[in-house]
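Trainee: Can you read through this structure? Questions will come right after.
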Amino acid sequence: MEFRLLGPFEARHDGARVLVSGRRQERCLLAILLLDAGRVVATERLADLLWDGDAPDSARRTLHTYIGRLRARLRPYGLHIDTRHGGYALDPDGHTVDAREFVALCGRARATEDAVRRVRHYDEALALWHGPLLADVADDALRDRLRGHLTELRLSALEQRAEARLELGEHTRVVAELAPVVPRHPERERLVAAHMTALHRSGRQAEALDLYRLTRKGLVSRLGVEPGTVLRTLHERMLRGDPRLDRPPGPVYAVRVGGEWLPWSTSGHPALEFCNTYAGWRDPPSPGSEWLRAYSTLAVWAGHLDLAEEPLVSGLLTQAQQRPEEAAAVLEEARTFRTRLYTALTDPEDVPAFQVVAAVAQEAARVSSFVRGEDGLGRWRLSPSAGLRLPLLGVARSAAELLGDPARFMIRVCPGAGCGWVFPDESGRRRWCSLGTCGRPH
């Protein structure tokens with residue numbers, strides 16, 4: 001079954017609505033068990049919630065009656081309410097509860113560094129809400145007692161989605177999404193700051209400043225406090241016309257290609273460049289050093305270094321949009337491969353790392369053909385049948401060529417603090433990488 005709690009209570013089976021009970025209190029009881037699915041809810045707590053702290057002497061008997069009716073209605077759908085340790089527990093396995101999905105999606109969003117994927121997860125999470133929690137079976141007081149943190153998590157999701165959209169340059173979307181929300185929550189300074197920034201970048205500076213004024217007025221009148229440091233600083237930057245507010249911050253030492261930020265070329269060889277897509281192999285990693293933040297970056301990077309032909313790259317980007325989970329899995333595989341390749345190149349004695357690289361290179365060989373180019377030269381070309389893994393296989397083929405070349409023994413690791421980038425040193429006298437941004441001595 002599918003249960004919807006983020007809005008009016010609703011139960012569905014195979015897409016059709018199911019009336020689990022015509023009594024509001026019974027539906028509320030089931031919702032409470034679903035919110036605590038998998039855990040025992042004590043009888044005393046259930047009575048306290050259902051009767052708002054004024055349970056009658058017959059509450060325990062009434063609860064037993066309610067549970068009996070719910071069991072009878074839910075049993076045909078394979079859903080069971082168990083009696084355990086002075087309370088009741090509902091096992092949600094095999095059934096869907098939107099509140100649990102919402103929490104899981106927010107967790108996935110927080111765990112990803114890729115702004116595009118983060119927005120996608122938050123979009124899916126926030127789309128589950130269709131009104132206040134249990135809009136038709138609970139009042140505001142009961143909602144706060146049941147799961148006040150869900151409402152808090154919803155506001156946090158709105159904040160973080162807005163910040164991710166600003167990172168992607170989608171300020172007009174942020175203005176539209178936050179306009180109906182921000183006036184009701186002047187205490188959410190991150191939410192207000194995101195709205196102000198979006199208005200500013202949309203050319204609506206006067207509205208952004210007016211929003212600060214109204215927010216300050218609301219905070220002072222309702223809570224008796226002034227805006228915090230974040231809002232005050234943002235307001236001051238707008239007043240003095242700070243140009244950095246006009247655009248999302250781009251990575252340092254990057255080049256914009258096909259709508260993606262790619263790292264500057266540092267070595268010339270694709271296998272080494274792939275290792276250097278992580279600009280900070282030392283601990284702790286440099287902030288913003290992870291360049292492979294999305295599958296689209298991987299695909300565009302492969303095309304930029306001629307590991308994949310441009311028409312193929314366009315097709316890969318389309319496939320990635322259609323199959324986001326598969327694209328995310330390939331991206332994670334590419335990051336793991338990069339770590340093994342880095343080890344294989346910098347430590348020739350590490351046989352397990354070499355074997356991991358070799359296994360992927362062998363896959364690349366199986367889907368490659370040797371063709372004649374328009375310039376009359378022969379070259380290896382990967383088959384489109386490689387699918388979304390094509391950029392990874394292109395790197396693996398390049399890595400195999402380097403690992404089979406004596407030049408691999410002339411690869412050095414930059415010792416700069418927080419650097420660790422790899423580069424070829426044919427002279428045997430170079431010590432530092434050519435990027436010159438790691439604090440190396442002059």
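For the structure tokens, the naming scheme is as follows: chains receive sequential letters (A, B, ...) according to their order of presentation, residues are indexed from 1 within each chain, and ligands are indexed from 1 in presentation order.
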Name all residues at most 8 Å from region 36-45 of chain A (count only C-alpha atoms; drop same-chain ones fewer than 4 positions away) and give them as a VMD selection string.

Mentor: chain A and resid 32 49 60 63 84 to 92

Trainee: Give me a file of those residues, with C-alpha atoms, as a PDB file, in the first residue's frame.

Mentor:
```pdb
ATOM      1  CA  ILE A  32       0.782   7.960  14.214  1.00  0.00           C
ATOM      2  CA  LEU A  49      -1.994  12.136  21.496  1.00  0.00           C
ATOM      3  CA  ARG A  60      -7.291   1.739  26.535  1.00  0.00           C
ATOM      4  CA  LEU A  63      -7.740   1.985  21.424  1.00  0.00           C
ATOM      5  CA  ARG A  84       4.389  -5.449  21.656  1.00  0.00           C
ATOM      6  CA  HIS A  85       5.575  -4.448  25.126  1.00  0.00           C
ATOM      7  CA  GLY A  86       2.574  -2.390  26.188  1.00  0.00           C
ATOM      8  CA  GLY A  87       2.079  -0.740  22.829  1.00  0.00           C
ATOM      9  CA  TYR A  88       1.625  -1.272  19.113  1.00  0.00           C
ATOM     10  CA  ALA A  89       4.006  -1.399  16.169  1.00  0.00           C
ATOM     11  CA  LEU A  90       3.421  -1.350  12.427  1.00  0.00           C
ATOM     12  CA  ASP A  91       5.926  -3.008  10.080  1.00  0.00           C
ATOM     13  CA  PRO A  92       6.181  -0.905   6.867  1.00  0.00           C
TER      14      PRO A  92
END
```

Trainee: Give the helix (DSSP H, G or I) residues of region 197-396 of chain A, as DSSP finds them on the backbone, and put them as a ChimeraX atom specification.

Mentor: /A:197-201,205-223,229-239,243-246,270-275,295-304,310-322,324-346,351-366,384-396

Trainee: When you look at region 294-308 of chain A with a cut-off of 9 Å (counting only C-alpha atoms), what residues show up, excluding the ones that are within fewer than 3 positions of it in the same chain? I need them as a tab-separated table (two decimals) with N, CA and C atoms, in the first residue's frame.

Mentor:
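Printed below is result08.tsv as written:
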```tsv
chain	number	residue	atom	x	y	z
A	113	GLU	N	27.58	16.21	-3.58
A	113	GLU	CA	28.22	17.49	-3.83
A	113	GLU	C	27.74	18.11	-5.15
A	114	ASP	N	27.12	17.31	-5.98
A	114	ASP	CA	26.67	17.78	-7.30
A	114	ASP	C	25.39	18.59	-7.15
A	115	ALA	N	25.43	19.87	-7.52
A	115	ALA	CA	24.27	20.75	-7.34
A	115	ALA	C	23.07	20.28	-8.16
A	116	VAL	N	23.31	19.74	-9.36
A	116	VAL	CA	22.19	19.28	-10.20
A	116	VAL	C	21.46	18.12	-9.53
A	117	ARG	N	22.21	17.14	-9.04
A	117	ARG	CA	21.59	16.00	-8.37
A	117	ARG	C	20.93	16.44	-7.06
A	257	VAL	N	33.65	24.96	-20.38
A	257	VAL	CA	33.51	24.23	-21.64
A	257	VAL	C	32.14	23.56	-21.65
A	258	GLY	N	31.36	23.82	-22.70
A	258	GLY	CA	30.06	23.16	-22.83
A	258	GLY	C	29.17	23.31	-21.62
A	259	GLY	N	29.23	24.46	-20.94
A	259	GLY	CA	28.41	24.68	-19.78
A	259	GLY	C	28.94	24.05	-18.51
A	260	GLU	N	30.15	23.45	-18.56
A	260	GLU	CA	30.74	22.80	-17.39
A	260	GLU	C	32.06	23.46	-17.02
A	261	TRP	N	32.35	23.51	-15.72
A	261	TRP	CA	33.66	23.97	-15.27
A	261	TRP	C	34.63	22.80	-15.31
A	262	LEU	N	35.71	22.93	-16.08
A	262	LEU	CA	36.73	21.89	-16.16
A	262	LEU	C	38.05	22.45	-15.64
A	269	HIS	N	48.49	14.76	-20.85
A	269	HIS	CA	48.10	13.38	-21.11
A	269	HIS	C	46.74	13.11	-20.47
A	270	PRO	N	45.78	12.55	-21.23
A	270	PRO	CA	44.43	12.35	-20.68
A	270	PRO	C	44.39	11.58	-19.37
A	273	GLU	N	45.52	13.91	-16.71
A	273	GLU	CA	44.50	14.95	-16.52
A	273	GLU	C	43.32	14.40	-15.72
A	274	PHE	N	42.99	13.14	-15.97
A	274	PHE	CA	41.88	12.54	-15.24
A	274	PHE	C	42.19	12.47	-13.75
A	291	TRP	N	36.33	18.06	-9.01
A	291	TRP	CA	35.84	18.54	-10.30
A	291	TRP	C	34.76	17.64	-10.88
A	311	PRO	N	29.54	14.35	-31.15
A	311	PRO	CA	28.16	13.83	-31.29
A	311	PRO	C	27.82	12.80	-30.21
A	312	LEU	N	28.83	11.99	-29.85
A	312	LEU	CA	28.60	11.00	-28.80
A	312	LEU	C	28.37	11.68	-27.46
A	313	VAL	N	29.11	12.74	-27.20
A	313	VAL	CA	28.96	13.46	-25.93
A	313	VAL	C	27.55	14.01	-25.80
A	314	SER	N	27.03	14.59	-26.87
A	314	SER	CA	25.66	15.11	-26.85
A	314	SER	C	24.66	14.00	-26.53
A	316	LEU	N	25.31	11.24	-24.89
A	316	LEU	CA	25.51	10.81	-23.49
A	316	LEU	C	24.79	11.75	-22.53
A	317	LEU	N	24.85	13.05	-22.80
A	317	LEU	CA	24.19	14.01	-21.92
A	317	LEU	C	22.68	13.79	-21.92
A	320	ALA	N	21.97	10.64	-19.91
A	320	ALA	CA	22.15	10.87	-18.48
A	320	ALA	C	20.90	11.53	-17.87
A	324	PRO	N	19.07	9.08	-14.76
A	324	PRO	CA	19.94	9.74	-13.77
A	324	PRO	C	20.60	8.79	-12.79
A	327	ALA	N	23.52	7.12	-14.50
A	327	ALA	CA	24.59	8.11	-14.68
A	327	ALA	C	25.33	8.34	-13.36
A	328	ALA	N	24.60	8.41	-12.26
A	328	ALA	CA	25.22	8.62	-10.94
A	328	ALA	C	26.12	7.44	-10.59
A	330	VAL	N	27.71	5.45	-12.74
A	330	VAL	CA	28.91	5.54	-13.57
A	330	VAL	C	29.87	6.59	-13.02
A	331	LEU	N	29.32	7.72	-12.57
A	331	LEU	CA	30.16	8.77	-11.99
A	331	LEU	C	30.91	8.26	-10.77
A	334	ALA	N	33.64	6.04	-11.86
A	334	ALA	CA	34.76	6.81	-12.41
A	334	ALA	C	35.62	7.39	-11.30
A	381	ARG	N	38.52	3.86	-31.75
A	381	ARG	CA	37.25	4.52	-31.51
A	381	ARG	C	36.36	3.59	-30.68
A	382	LEU	N	35.78	4.17	-29.62
A	382	LEU	CA	34.88	3.39	-28.78
A	382	LEU	C	33.51	3.30	-29.42
A	388	LEU	N	26.63	4.85	-21.18
A	388	LEU	CA	27.08	5.91	-20.30
A	388	LEU	C	28.48	5.68	-19.76
A	390	LEU	N	31.02	5.08	-21.56
A	390	LEU	CA	31.98	5.41	-22.61
A	390	LEU	C	33.10	6.35	-22.15
A	391	PRO	N	32.82	7.44	-21.42
A	391	PRO	CA	33.93	8.30	-20.97
A	391	PRO	C	34.91	7.56	-20.07
A	392	LEU	N	34.40	6.72	-19.18
A	392	LEU	CA	35.27	5.95	-18.29
A	392	LEU	C	36.15	4.99	-19.08
A	393	LEU	N	35.57	4.32	-20.07
A	393	LEU	CA	36.34	3.38	-20.88
A	393	LEU	C	37.38	4.12	-21.72
A	394	GLY	N	37.05	5.34	-22.16
A	394	GLY	CA	38.03	6.14	-22.89
A	394	GLY	C	39.23	6.47	-22.02
A	395	VAL	N	38.99	6.82	-20.77
A	395	VAL	CA	40.09	7.09	-19.83
A	395	VAL	C	40.91	5.83	-19.61
A	398	SER	N	43.26	5.16	-22.45
A	398	SER	CA	44.39	6.09	-22.37
A	398	SER	C	45.35	5.70	-21.25
```

Trainee: Would you mind reading off the distance between CA of Leu168 (chain A) and CA of Arg154 (chain A), one decimal, in Å?

Mentor: 21.1 Å

Trainee: Kindly indicate which residue among A:Arg184, A:Arg61, A:His171, A:His130 lies nearest to Leu155 (chain A), using only C-alpha atoms for the distances.

Mentor: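 Looking at the shortest contact to Leu155 (chain A), the residue is A:Arg184.
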
Trainee: With only C-alpha atoms as the atoms that count, which of A:Ala400, A:Leu178, A:Ala271, A:Leu239 lies nearest to Pro424 (chain A)?

Mentor: A:Ala271

Trainee: Hey, what's within 12 Å of Asp242 (chain A) if we count only C-alpha atoms and toss same-chain stuff fewer than 5 positions away? As a PyMOL selection string, please?

Mentor: chain A and resi 197+200-201+205+233-237+247

Trainee: Restricting the calculation to only C-alpha atoms: of A:Phe354, A:Trp51, A:Phe409, A:Trp432, which residue gets closest to Tyr342 (chain A)?

Mentor: A:Phe354

Trainee: I need the residue nearest Ala109 (chain A) from this list: A:Ala31, A:Leu245, A:Leu158, A:Leu133. Use only C-alpha atoms for the distance.

Mentor: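 For Ala109 (chain A), the nearest of the given residues is A:Leu158.
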
Trainee: Where does DSSP see strand (DSSP E) in region 193-398 of chain A, if you list the residues as a ChimeraX atom specification?

Mentor: /A:254-257,260-263,368-372,378-382

Trainee: Write out as a list in words each polymer residue whose atoms come within 8 Å of Val20 (chain A), counting only C-alpha atoms; drop sequence neighbours fewer than 2 positions from it.

Mentor: Ala11, Val18, Gly22, Arg27, Leu70, Arg73 and Leu74 of chain A

Trainee: Keeping only C-alpha atoms, write those residues as a PDB file, in the first residue's frame.

Mentor:
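Below you can see out_32.pdb, which holds the result:
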```
ATOM      1  CA  ALA A  11      -4.210   5.346   1.551  1.00  0.00           C
ATOM      2  CA  VAL A  18      -8.651   2.764   0.015  1.00  0.00           C
ATOM      3  CA  GLY A  22     -14.481   6.466   8.265  1.00  0.00           C
ATOM      4  CA  ARG A  27      -7.144   7.361  10.679  1.00  0.00           C
ATOM      5  CA  LEU A  70      -7.710  -1.257  11.468  1.00  0.00           C
ATOM      6  CA  ARG A  73      -9.197  -3.433   7.072  1.00  0.00           C
ATOM      7  CA  LEU A  74      -5.425  -3.692   6.486  1.00  0.00           C
TER       8      LEU A  74
END
```

Trainee: Given the choices A:Leu219, A:Leu191, A:Glu349, A:Ala358, which gets closest to Leu402 (chain A) if the distance is worked out from only C-alpha atoms?

Mentor: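 Among the listed residues, the smallest separation from Leu402 (chain A) belongs to A:Ala358.
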
Trainee: What separation in Å, quoted to one decimal, exists between CA of Gln319 (chain A) and CA of Arg118 (chain A)?

Mentor: 18.7 Å
